[in-house]
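Structure file structure09.cif (mmCIF, C-alpha atoms) is printed below.
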data_work
#
loop_
_atom_site.group_PDB
_atom_site.id
_atom_site.type_symbol
_atom_site.label_atom_id
_atom_site.label_comp_id
_atom_site.auth_asym_id
_atom_site.auth_seq_id
_atom_site.Cartn_x
_atom_site.Cartn_y
_atom_site.Cartn_z
ATOM 1 C CA MET A 1 -5.299 30.453 -3.172
ATOM 2 C CA LEU A 2 -3.537 27.294 -4.363
ATOM 3 C CA THR A 3 -4.567 24.209 -2.385
ATOM 4 C CA ILE A 4 -2.481 21.057 -2.685
ATOM 5 C CA ASN A 5 -3.484 17.730 -1.147
ATOM 6 C CA TRP A 6 -0.149 16.260 -0.089
ATOM 7 C CA THR A 7 -0.067 12.615 0.995
ATOM 8 C CA GLN A 8 2.352 13.423 3.820
ATOM 9 C CA ASP A 9 2.626 16.147 6.433
ATOM 10 C CA ARG A 10 5.820 17.629 5.070
ATOM 11 C CA PRO A 11 5.818 18.309 1.301
ATOM 12 C CA SER A 12 8.662 16.573 -0.520
ATOM 13 C CA MET A 13 8.497 18.871 -3.546
ATOM 14 C CA LYS A 14 8.950 22.600 -3.933
ATOM 15 C CA VAL A 15 6.183 24.713 -5.477
ATOM 16 C CA ASN A 16 7.589 27.305 -7.905
ATOM 17 C CA ARG A 17 5.675 30.280 -9.327
ATOM 18 C CA LYS A 18 6.262 32.822 -12.069
ATOM 19 C CA ASN A 19 3.240 35.029 -12.745
ATOM 20 C CA ASP A 20 0.374 32.532 -13.305
ATOM 21 C CA LEU A 21 2.740 29.657 -14.058
ATOM 22 C CA VAL A 22 3.163 26.996 -11.357
ATOM 23 C CA TRP A 23 5.580 24.079 -11.532
ATOM 24 C CA LEU A 24 7.139 21.630 -9.095
ATOM 25 C CA SER A 25 10.714 20.585 -8.423
ATOM 26 C CA TYR A 26 12.759 18.445 -6.028
ATOM 27 C CA PRO A 27 14.868 20.473 -3.565
ATOM 28 C CA GLU A 28 17.545 17.760 -3.514
ATOM 29 C CA LEU A 29 17.903 17.993 -7.286
ATOM 30 C CA ASP A 30 17.669 21.799 -7.161
ATOM 31 C CA ARG A 31 20.849 21.715 -5.073
ATOM 32 C CA GLN A 32 22.723 20.204 -8.018
ATOM 33 C CA ASP A 33 23.772 23.544 -9.500
ATOM 34 C CA TRP A 34 24.674 22.029 -12.881
ATOM 35 C CA LEU A 35 21.156 20.879 -13.761
ATOM 36 C CA VAL A 36 17.468 21.845 -13.780
ATOM 37 C CA ASN A 37 14.549 19.636 -12.828
ATOM 38 C CA GLY A 38 10.857 20.369 -13.084
ATOM 39 C CA PHE A 39 7.362 18.934 -13.283
ATOM 40 C CA SER A 40 4.540 20.930 -14.831
ATOM 41 C CA THR A 41 1.096 21.549 -13.389
ATOM 42 C CA ARG A 42 -2.154 22.498 -15.117
ATOM 43 C CA LEU A 43 -1.622 26.139 -14.184
ATOM 44 C CA GLY A 44 -0.229 28.991 -16.255
ATOM 45 C CA GLY A 45 -0.978 27.966 -19.827
ATOM 46 C CA VAL A 46 -3.385 29.056 -22.549
ATOM 47 C CA SER A 47 -5.186 25.826 -23.462
ATOM 48 C CA GLU A 48 -8.940 25.706 -22.922
ATOM 49 C CA GLY A 49 -11.662 23.289 -21.869
ATOM 50 C CA MET A 50 -10.497 19.894 -20.703
ATOM 51 C CA PHE A 51 -6.932 20.879 -21.682
ATOM 52 C CA SER A 52 -6.857 23.936 -19.438
ATOM 53 C CA SER A 53 -4.508 25.345 -19.163
ATOM 54 C CA MET A 54 -0.913 24.011 -19.335
ATOM 55 C CA ASN A 55 -1.356 21.020 -21.639
ATOM 56 C CA LEU A 56 1.969 19.876 -23.102
ATOM 57 C CA SER A 57 0.726 17.194 -25.501
ATOM 58 C CA PHE A 58 0.276 17.669 -29.248
ATOM 59 C CA THR A 59 -1.489 14.291 -29.574
ATOM 60 C CA ARG A 60 -4.677 14.694 -27.528
ATOM 61 C CA GLY A 61 -6.607 17.061 -29.778
ATOM 62 C CA ASP A 62 -5.569 20.417 -28.350
ATOM 63 C CA ASP A 63 -4.836 23.457 -30.546
ATOM 64 C CA PRO A 64 -1.159 23.069 -31.584
ATOM 65 C CA GLU A 65 -0.596 26.826 -31.306
ATOM 66 C CA ALA A 66 -1.825 26.750 -27.712
ATOM 67 C CA VAL A 67 0.455 23.816 -26.897
ATOM 68 C CA MET A 68 3.439 25.635 -28.376
ATOM 69 C CA GLU A 69 2.664 28.718 -26.320
ATOM 70 C CA ASN A 70 2.494 26.473 -23.261
ATOM 71 C CA TYR A 71 6.002 25.249 -24.079
ATOM 72 C CA ASN A 72 7.150 28.837 -24.391
ATOM 73 C CA ARG A 73 5.746 29.596 -20.945
ATOM 74 C CA ILE A 74 7.058 26.551 -19.093
ATOM 75 C CA GLY A 75 10.379 27.046 -20.874
ATOM 76 C CA GLU A 76 10.571 30.626 -19.655
ATOM 77 C CA GLY A 77 9.967 29.422 -16.110
ATOM 78 C CA LEU A 78 12.532 26.624 -16.168
ATOM 79 C CA GLY A 79 15.072 28.326 -18.418
ATOM 80 C CA PHE A 80 14.888 26.559 -21.779
ATOM 81 C CA ARG A 81 13.550 27.072 -25.299
ATOM 82 C CA PRO A 82 11.099 24.642 -26.938
ATOM 83 C CA GLU A 83 13.620 23.881 -29.684
ATOM 84 C CA TRP A 84 15.965 22.413 -27.059
ATOM 85 C CA VAL A 85 13.512 19.677 -25.981
ATOM 86 C CA ALA A 86 13.956 16.010 -26.871
ATOM 87 C CA ALA A 87 10.588 14.376 -26.189
ATOM 88 C CA SER A 88 9.737 10.752 -25.501
ATOM 89 C CA ASP A 89 7.255 8.725 -27.568
ATOM 90 C CA GLN A 90 5.735 6.473 -24.940
ATOM 91 C CA ILE A 91 4.196 3.026 -25.436
ATOM 92 C CA HIS A 92 4.365 1.615 -21.864
ATOM 93 C CA ALA A 93 7.516 -0.361 -22.630
ATOM 94 C CA VAL A 94 11.096 -0.110 -21.341
ATOM 95 C CA ASN A 95 12.820 1.143 -24.479
ATOM 96 C CA LEU A 96 15.441 3.821 -23.875
ATOM 97 C CA ARG A 97 17.243 6.250 -26.170
ATOM 98 C CA VAL A 98 20.433 8.225 -25.708
ATOM 99 C CA VAL A 99 19.878 11.735 -27.063
ATOM 100 C CA GLY A 100 22.269 14.526 -27.943
ATOM 101 C CA GLU A 101 22.390 17.903 -29.609
ATOM 102 C CA LYS A 102 21.055 16.521 -32.908
ATOM 103 C CA ASP A 103 17.875 15.461 -31.100
ATOM 104 C CA ARG A 104 16.972 18.935 -29.875
ATOM 105 C CA GLY A 105 13.438 19.906 -30.832
ATOM 106 C CA LYS A 106 12.264 16.409 -31.692
ATOM 107 C CA GLY A 107 8.659 15.943 -30.648
ATOM 108 C CA VAL A 108 8.071 19.666 -30.047
ATOM 109 C CA THR A 109 9.383 21.958 -32.791
ATOM 110 C CA GLY A 110 10.296 19.129 -35.165
ATOM 111 C CA GLU A 111 9.397 15.557 -36.040
ATOM 112 C CA ARG A 112 10.856 12.624 -34.147
ATOM 113 C CA ASP A 113 12.878 10.086 -36.086
ATOM 114 C CA TYR A 114 12.311 7.552 -33.313
ATOM 115 C CA SER A 115 9.248 5.909 -31.778
ATOM 116 C CA GLY A 116 8.324 3.677 -28.863
ATOM 117 C CA ILE A 117 10.684 5.399 -26.413
ATOM 118 C CA ASP A 118 9.708 5.598 -22.721
ATOM 119 C CA GLY A 119 13.074 6.738 -21.382
ATOM 120 C CA LEU A 120 15.718 9.270 -22.409
ATOM 121 C CA LEU A 121 19.361 9.675 -21.371
ATOM 122 C CA THR A 122 21.990 12.313 -22.022
ATOM 123 C CA ASN A 123 25.229 13.812 -20.800
ATOM 124 C CA VAL A 124 25.018 16.731 -23.232
ATOM 125 C CA PRO A 125 24.379 20.200 -21.784
ATOM 126 C CA GLY A 126 21.375 22.051 -23.155
ATOM 127 C CA VAL A 127 19.421 18.969 -24.265
ATOM 128 C CA VAL A 128 16.118 19.103 -22.371
ATOM 129 C CA LEU A 129 14.662 15.668 -21.618
ATOM 130 C CA ALA A 130 10.848 15.572 -21.526
ATOM 131 C CA THR A 131 8.467 12.720 -20.691
ATOM 132 C CA PHE A 132 4.676 12.917 -20.301
ATOM 133 C CA PHE A 133 2.161 11.947 -17.640
ATOM 134 C CA ALA A 134 -1.395 11.947 -16.347
ATOM 135 C CA ASP A 135 -1.186 9.302 -13.554
ATOM 136 C CA CYS A 136 1.803 7.132 -14.570
ATOM 137 C CA VAL A 137 5.087 7.379 -12.696
ATOM 138 C CA PRO A 138 7.913 9.760 -13.704
ATOM 139 C CA LEU A 139 11.410 8.600 -12.759
ATOM 140 C CA TYR A 140 14.337 11.041 -12.485
ATOM 141 C CA PHE A 141 17.992 9.912 -12.455
ATOM 142 C CA VAL A 142 20.968 12.178 -11.797
ATOM 143 C CA ASP A 143 24.598 11.032 -11.828
ATOM 144 C CA PRO A 144 26.646 13.873 -10.280
ATOM 145 C CA VAL A 145 29.952 12.066 -10.837
ATOM 146 C CA HIS A 146 29.695 11.628 -14.612
ATOM 147 C CA LYS A 147 27.311 14.573 -15.115
ATOM 148 C CA ALA A 148 24.716 12.354 -16.793
ATOM 149 C CA ILE A 149 20.936 12.275 -16.445
ATOM 150 C CA ALA A 150 17.915 10.178 -17.418
ATOM 151 C CA LEU A 151 14.161 10.581 -17.335
ATOM 152 C CA SER A 152 11.744 7.658 -17.684
ATOM 153 C CA HIS A 153 8.022 6.902 -17.838
ATOM 154 C CA SER A 154 6.811 3.935 -15.791
ATOM 155 C CA GLY A 155 3.156 2.918 -15.761
ATOM 156 C CA TRP A 156 2.152 -0.418 -14.290
ATOM 157 C CA ARG A 157 3.543 -2.263 -17.317
ATOM 158 C CA GLY A 158 6.823 -0.379 -17.149
ATOM 159 C CA THR A 159 6.996 -0.994 -13.422
ATOM 160 C CA VAL A 160 6.497 -4.744 -13.803
ATOM 161 C CA GLN A 161 9.283 -4.672 -16.411
ATOM 162 C CA ARG A 162 11.435 -2.674 -13.951
ATOM 163 C CA MET A 163 11.946 0.471 -15.989
ATOM 164 C CA GLY A 164 13.986 1.967 -13.145
ATOM 165 C CA ARG A 165 16.472 -0.903 -13.256
ATOM 166 C CA GLU A 166 16.679 -0.809 -17.039
ATOM 167 C CA THR A 167 17.372 2.929 -16.989
ATOM 168 C CA ILE A 168 20.183 2.489 -14.474
ATOM 169 C CA ARG A 169 21.685 -0.370 -16.474
ATOM 170 C CA ARG A 170 21.717 1.826 -19.568
ATOM 171 C CA MET A 171 23.375 4.652 -17.625
ATOM 172 C CA GLN A 172 26.011 2.185 -16.430
ATOM 173 C CA LYS A 173 26.662 1.086 -20.009
ATOM 174 C CA GLU A 174 26.749 4.573 -21.540
ATOM 175 C CA TYR A 175 28.371 6.639 -18.788
ATOM 176 C CA GLY A 176 29.891 4.259 -16.244
ATOM 177 C CA THR A 177 27.299 5.272 -13.636
ATOM 178 C CA ASP A 178 27.575 3.706 -10.186
ATOM 179 C CA PRO A 179 24.024 3.277 -8.788
ATOM 180 C CA GLU A 180 25.256 4.334 -5.336
ATOM 181 C CA ASP A 181 26.151 7.753 -6.744
ATOM 182 C CA LEU A 182 22.702 8.386 -8.191
ATOM 183 C CA PHE A 183 20.141 10.849 -6.940
ATOM 184 C CA THR A 184 16.682 9.628 -7.970
ATOM 185 C CA ALA A 185 13.114 10.838 -7.651
ATOM 186 C CA ILE A 186 9.682 9.355 -8.212
ATOM 187 C CA GLY A 187 7.439 12.055 -9.641
ATOM 188 C CA PRO A 188 3.798 13.030 -9.052
ATOM 189 C CA SER A 189 1.534 10.164 -10.070
ATOM 190 C CA ILE A 190 -1.451 8.195 -8.859
ATOM 191 C CA CYS A 191 -1.353 7.043 -5.220
ATOM 192 C CA GLN A 192 -2.318 3.613 -3.937
ATOM 193 C CA ASP A 193 -5.670 4.698 -2.512
ATOM 194 C CA CYS A 194 -6.727 5.988 -5.954
ATOM 195 C CA TYR A 195 -5.278 3.212 -8.102
ATOM 196 C CA GLU A 196 -7.682 0.298 -8.379
ATOM 197 C CA VAL A 197 -6.548 -2.520 -10.669
ATOM 198 C CA SER A 198 -7.789 -5.950 -11.665
ATOM 199 C CA GLU A 199 -6.560 -9.438 -10.857
ATOM 200 C CA ASP A 200 -4.449 -9.789 -14.017
ATOM 201 C CA VAL A 201 -2.382 -6.736 -13.107
ATOM 202 C CA ILE A 202 -1.824 -8.002 -9.579
ATOM 203 C CA GLU A 203 -0.835 -11.428 -10.881
ATOM 204 C CA ALA A 204 1.930 -9.777 -12.928
ATOM 205 C CA PHE A 205 3.191 -8.065 -9.756
ATOM 206 C CA ARG A 206 2.965 -11.302 -7.754
ATOM 207 C CA GLN A 207 5.210 -12.995 -10.275
ATOM 208 C CA GLU A 208 7.752 -10.165 -10.500
ATOM 209 C CA PHE A 209 8.100 -9.199 -6.837
ATOM 210 C CA PRO A 210 8.953 -11.501 -3.911
ATOM 211 C CA ASP A 211 6.200 -12.670 -1.575
ATOM 212 C CA GLU A 212 7.451 -10.610 1.361
ATOM 213 C CA LEU A 213 6.754 -7.386 -0.553
ATOM 214 C CA HIS A 214 3.213 -8.187 -1.656
ATOM 215 C CA GLU A 215 1.563 -6.778 1.473
ATOM 216 C CA ARG A 216 3.307 -3.436 0.878
ATOM 217 C CA LEU A 217 2.518 -3.319 -2.831
ATOM 218 C CA PHE A 218 -1.194 -4.133 -2.971
ATOM 219 C CA TYR A 219 -4.271 -4.979 -0.935
ATOM 220 C CA PRO A 220 -7.667 -6.406 -1.979
ATOM 221 C CA THR A 221 -10.934 -4.472 -1.872
ATOM 222 C CA ILE A 222 -13.958 -5.986 -3.607
ATOM 223 C CA PRO A 223 -13.544 -9.419 -5.226
ATOM 224 C CA GLY A 224 -11.135 -9.243 -8.142
ATOM 225 C CA LYS A 225 -10.035 -5.680 -7.393
ATOM 226 C CA TYR A 226 -6.919 -4.370 -5.622
ATOM 227 C CA GLN A 227 -5.250 -1.086 -4.717
ATOM 228 C CA LEU A 228 -1.731 -0.990 -6.189
ATOM 229 C CA ASN A 229 1.168 1.064 -4.825
ATOM 230 C CA LEU A 230 3.302 2.106 -7.805
ATOM 231 C CA TRP A 231 5.395 4.440 -5.629
ATOM 232 C CA GLU A 232 6.533 1.617 -3.364
ATOM 233 C CA ALA A 233 7.068 -0.771 -6.276
ATOM 234 C CA ASN A 234 9.348 1.720 -8.021
ATOM 235 C CA ARG A 235 11.142 2.511 -4.769
ATOM 236 C CA GLN A 236 11.885 -1.194 -4.323
ATOM 237 C CA ILE A 237 13.104 -1.430 -7.917
ATOM 238 C CA LEU A 238 15.544 1.424 -7.341
ATOM 239 C CA LEU A 239 16.756 -0.116 -4.077
ATOM 240 C CA ASP A 240 17.259 -3.491 -5.767
ATOM 241 C CA ALA A 241 19.245 -1.749 -8.517
ATOM 242 C CA GLY A 242 21.687 -0.355 -5.938
ATOM 243 C CA VAL A 243 20.394 3.175 -5.300
ATOM 244 C CA ARG A 244 20.929 4.346 -1.733
ATOM 245 C CA GLU A 245 17.672 4.637 0.204
ATOM 246 C CA GLU A 246 18.289 8.240 1.229
ATOM 247 C CA ARG A 247 18.730 9.172 -2.433
ATOM 248 C CA ILE A 248 15.263 8.006 -3.493
ATOM 249 C CA HIS A 249 12.821 10.899 -3.217
ATOM 250 C CA LEU A 250 9.086 10.208 -3.209
ATOM 251 C CA PRO A 251 6.540 12.718 -4.525
ATOM 252 C CA GLY A 252 3.999 12.844 -1.707
ATOM 253 C CA LEU A 253 1.631 14.151 -4.375
ATOM 254 C CA CYS A 254 -1.114 12.213 -6.141
ATOM 255 C CA THR A 255 -2.338 13.302 -9.578
ATOM 256 C CA CYS A 256 -5.808 11.851 -8.959
ATOM 257 C CA CYS A 257 -6.184 13.586 -5.573
ATOM 258 C CA ASN A 258 -5.330 16.969 -7.152
ATOM 259 C CA PRO A 259 -7.392 17.215 -10.371
ATOM 260 C CA GLU A 260 -7.436 21.026 -10.331
ATOM 261 C CA LEU A 261 -3.631 21.151 -10.119
ATOM 262 C CA LEU A 262 -2.599 18.099 -12.152
ATOM 263 C CA PHE A 263 -3.989 16.151 -15.092
ATOM 264 C CA SER A 264 -5.288 12.719 -14.084
ATOM 265 C CA HIS A 265 -6.587 10.137 -16.524
ATOM 266 C CA ARG A 266 -8.593 8.447 -13.783
ATOM 267 C CA ALA A 267 -10.075 11.574 -12.262
ATOM 268 C CA SER A 268 -11.068 13.005 -15.665
ATOM 269 C CA LYS A 269 -12.158 9.678 -17.202
ATOM 270 C CA GLY A 270 -9.700 10.295 -20.015
ATOM 271 C CA LYS A 271 -10.736 13.873 -20.806
ATOM 272 C CA ARG A 272 -7.449 15.634 -20.156
ATOM 273 C CA GLY A 273 -4.154 16.969 -21.384
ATOM 274 C CA ASN A 274 -0.657 15.868 -20.381
ATOM 275 C CA LEU A 275 1.781 17.003 -17.752
ATOM 276 C CA ALA A 276 5.507 16.851 -18.446
ATOM 277 C CA ALA A 277 8.633 16.050 -16.478
ATOM 278 C CA PHE A 278 11.744 17.992 -17.491
ATOM 279 C CA LEU A 279 15.403 17.398 -16.720
ATOM 280 C CA PHE A 280 18.442 19.006 -18.304
ATOM 281 C CA ILE A 281 22.076 19.845 -17.793
ATOM 282 C CA LYS A 282 22.753 23.556 -17.840
ATOM 283 C CA ASP A 283 24.607 24.952 -20.803
ATOM 284 C CA SER A 284 26.731 28.090 -20.788
ATOM 285 C CA VAL A 285 24.159 29.578 -23.182
ATOM 286 C CA ILE A 286 21.406 28.943 -20.640
ATOM 287 C CA VAL A 287 23.141 30.095 -17.472
#

Here is a file; write its structure as structure tokens.
Amino acid sequence: MLTINWTQDRPSMKVNRKNDLVWLSYPELDRQDWLVNGFSTRLGGVSEGMFSSMNLSFTRGDDPEAVMENYNRIGEGLGFRPEWVAASDQIHAVNLRVVGEKDRGKGVTGERDYSGIDGLLTNVPGVVLATFFADCVPLYFVDPVHKAIALSHSGWRGTVQRMGRETIRRMQKEYGTDPEDLFTAIGPSICQDCYEVSEDVIEAFRQEFPDELHERLFYPTIPGKYQLNLWEANRQILLDAGVREERIHLPGLCTCCNPELLFSHRASKGKRGNLAAFLFIKDSVIV
């Protein structure tokens, strides 16, 4: 029996199953019938050992053939082929890339011709955006008016640099997105109670966020150590960027609290694979 430790009484994400494969999605985004959203779990793949079993990273030492089979399986569940994926190349920055049909397969079935990209945007059907996680924060952006989407990776460095705001600004520039039209979601990632950081990290947050928010973003424990709330920080960033509060969906699901379900860098002390967030606009070929 699958046990999930939600951080709230009512789960904010839907659990999807197909045979042994388990993935998560946001019901609010599921209701957008022109797109598909998903977040992988550890379950349903073929990788072994510390990568078991649905590892979606080619860069952590796993058998490449196993990783490719994992893509085949998660793709079958969500409705895409591995050669349709455009994958990020994350460096904990706020660099974004607009991708199109020519970028299909890059980072999965083919080589990337880009690097240092933590966020991807598209308005092209059938281009599957993929970003990777094992405690950091996934950010989903859906513009139903212009039929445009974005997917970003935001660790503490990306959060301090306001990756959510930068993604929205790029969507405004490329597609004419109005932030008030956006549906957004903060994906499964490490919760405040599990995320201990040092004084230098907190000092960066003190400088970036106004004093009145500090009590909600972090609290001290032992001298020089704090518990940091990346979910609330990213929620505030989205609000400040103009997203309507009711259109910001929180995960209610901590990677570190669910090490059997989700990869967590902290829980595994770095011995782990990668989860992936997926977002794509349906194509007539797909549907």

Legend entry - Neighbour list for range 233-239 of chain A as number ranges by chain, cut-off 12 Å, only C-alpha atoms, skip fewer than 6 positions in-chain: A: 136-141, 152-169, 179-180, 182-187, 189, 191-192, 202, 205-206, 208-210, 212-218, 245-251

Output C-alpha atoms for every residue in the selection just made, as a compact mmCIF listing (two decimals), in the coordinates of the input.
# COMPACT_ATOMS: atom_id res chain seq x y z
CA CYS A 136 1.80 7.13 -14.57
CA VAL A 137 5.09 7.38 -12.70
CA PRO A 138 7.91 9.76 -13.70
CA LEU A 139 11.41 8.60 -12.76
CA TYR A 140 14.34 11.04 -12.48
CA PHE A 141 17.99 9.91 -12.46
CA SER A 152 11.74 7.66 -17.68
CA HIS A 153 8.02 6.90 -17.84
CA SER A 154 6.81 3.94 -15.79
CA GLY A 155 3.16 2.92 -15.76
CA TRP A 156 2.15 -0.42 -14.29
CA ARG A 157 3.54 -2.26 -17.32
CA GLY A 158 6.82 -0.38 -17.15
CA THR A 159 7.00 -0.99 -13.42
CA VAL A 160 6.50 -4.74 -13.80
CA GLN A 161 9.28 -4.67 -16.41
CA ARG A 162 11.44 -2.67 -13.95
CA MET A 163 11.95 0.47 -15.99
CA GLY A 164 13.99 1.97 -13.14
CA ARG A 165 16.47 -0.90 -13.26
CA GLU A 166 16.68 -0.81 -17.04
CA THR A 167 17.37 2.93 -16.99
CA ILE A 168 20.18 2.49 -14.47
CA ARG A 169 21.68 -0.37 -16.47
CA PRO A 179 24.02 3.28 -8.79
CA GLU A 180 25.26 4.33 -5.34
CA LEU A 182 22.70 8.39 -8.19
CA PHE A 183 20.14 10.85 -6.94
CA THR A 184 16.68 9.63 -7.97
CA ALA A 185 13.11 10.84 -7.65
CA ILE A 186 9.68 9.36 -8.21
CA GLY A 187 7.44 12.06 -9.64
CA SER A 189 1.53 10.16 -10.07
CA CYS A 191 -1.35 7.04 -5.22
CA GLN A 192 -2.32 3.61 -3.94
CA ILE A 202 -1.82 -8.00 -9.58
CA PHE A 205 3.19 -8.06 -9.76
CA ARG A 206 2.96 -11.30 -7.75
CA GLU A 208 7.75 -10.16 -10.50
CA PHE A 209 8.10 -9.20 -6.84
CA PRO A 210 8.95 -11.50 -3.91
CA GLU A 212 7.45 -10.61 1.36
CA LEU A 213 6.75 -7.39 -0.55
CA HIS A 214 3.21 -8.19 -1.66
CA GLU A 215 1.56 -6.78 1.47
CA ARG A 216 3.31 -3.44 0.88
CA LEU A 217 2.52 -3.32 -2.83
CA PHE A 218 -1.19 -4.13 -2.97
CA GLU A 245 17.67 4.64 0.20
CA GLU A 246 18.29 8.24 1.23
CA ARG A 247 18.73 9.17 -2.43
CA ILE A 248 15.26 8.01 -3.49
CA HIS A 249 12.82 10.90 -3.22
CA LEU A 250 9.09 10.21 -3.21
CA PRO A 251 6.54 12.72 -4.53

Legend entry - CA of Pro188 in chain A to CA of Pro11 in chain A, straight-line distance in Å: 11.8 Å

Legend entry - d(CA of Pro125 in chain A, CA of Leu78 in chain A) in Å: 14.6 Å

Inset, instruction - Using all atoms listed in the file, determine which residues lie at most 7 Å from Phe51 in chain A, disregarding the query and same-chain residues fewer than 6 positions distant; provide the list as number ranges by chain. - result: A: 62, 272-273

Output the selection as a PDB file, in the coordinates of the input - C-alpha atoms for each residue.
ATOM      1  CA  ASP A  62      -5.569  20.417 -28.350  1.00  0.00           C
ATOM      2  CA  ARG A 272      -7.449  15.634 -20.156  1.00  0.00           C
ATOM      3  CA  GLY A 273      -4.154  16.969 -21.384  1.00  0.00           C
TER       4      GLY A 273
END

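The residue that comes closest to Ser268 in chain A, out of A:Met50, A:Ile222, A:Gly119, A:Asn72 and on the basis of all atoms listed in the file, is A:Met50.
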
Legend entry - Residue IDs satisfying the PyMOL selection byres ((chain A and resi 280) around 12), as a ChimeraX atom specification: /A:29-30,32-38,75,78-81,84-86,99-100,104,120-130,140-143,147-151,277-279,281-283,286

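As for CA of Asn229 in chain A and CA of Leu261 in chain A, they are spaced 21.3 Å apart.
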
Inset, instruction - Specify as a PyMOL selection string each residue included when the PyMOL selection byres ((chain A and resi 19-27) around 7) is applied to this file. - result: chain A and resi 13-18+28-31+37-41+43-44

Legend entry - Using all atoms listed in the file: which of A:Val46, A:Leu2, A:Leu275, A:Ala87 has the shortest distance to Asp113 in chain A: A:Ala87

Legend entry - Distance criterion (only C-alpha atoms): nearest to His265 in chain A out of A:Phe133, A:Thr221, A:Gly176, A:Gly242: A:Phe133

Inset, instruction - Can you give me, as a ChimeraX atom specification, the residues this file yields under the PyMOL selection byres ((chain A and resi 7) around 8)? - result: /A:5-6,8-9,252-254

I'd like the contact shell of Glu65 in chain A - 10 Å cut-off, only C-alpha atoms, skipping same-chain residues fewer than 6 positions apart - returned as a short mmCIF file (atom, residue, chain, number, x, y, z; two decimals) with C-alpha atoms, keeping the file's coordinate frame.
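result-v7.cif was written with the following content:
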data_model
loop_
_atom_site.label_atom_id
_atom_site.label_comp_id
_atom_site.auth_asym_id
_atom_site.auth_seq_id
_atom_site.Cartn_x
_atom_site.Cartn_y
_atom_site.Cartn_z
CA VAL A 46 -3.38 29.06 -22.55
CA SER A 47 -5.19 25.83 -23.46
CA PHE A 58 0.28 17.67 -29.25
CA TYR A 71 6.00 25.25 -24.08
#

Listed atoms of range 253-263 of chain A, axis-aligned box, 5 Å per side: centre and edge lengths to one decimal in Å, as JSON?
{"center_x": -2.9, "center_y": 16.5, "center_z": -9.7, "size_x": 19.1, "size_y": 19.3, "size_z": 20.7}

Inset, instruction - Find the residue from A:Ile190, A:Val243, A:Ala204, A:Ile74 that sits nearest to Arg266 in chain A; use only C-alpha atoms when measuring. - result: A:Ile190

Legend entry - Residue with smallest distance to Thr3 in chain A - pool A:Ser264, A:Asn258, A:Asn274, A:Ser53, counting all atoms listed in the file: A:Asn258

Inset, instruction - Compare A:Gly61, A:Pro220, A:Gly110, A:Pro144 by their minimum atom-to-atom distance to Asp178 in chain A, counting only C-alpha atoms, and give me the closest one. - result: A:Pro144
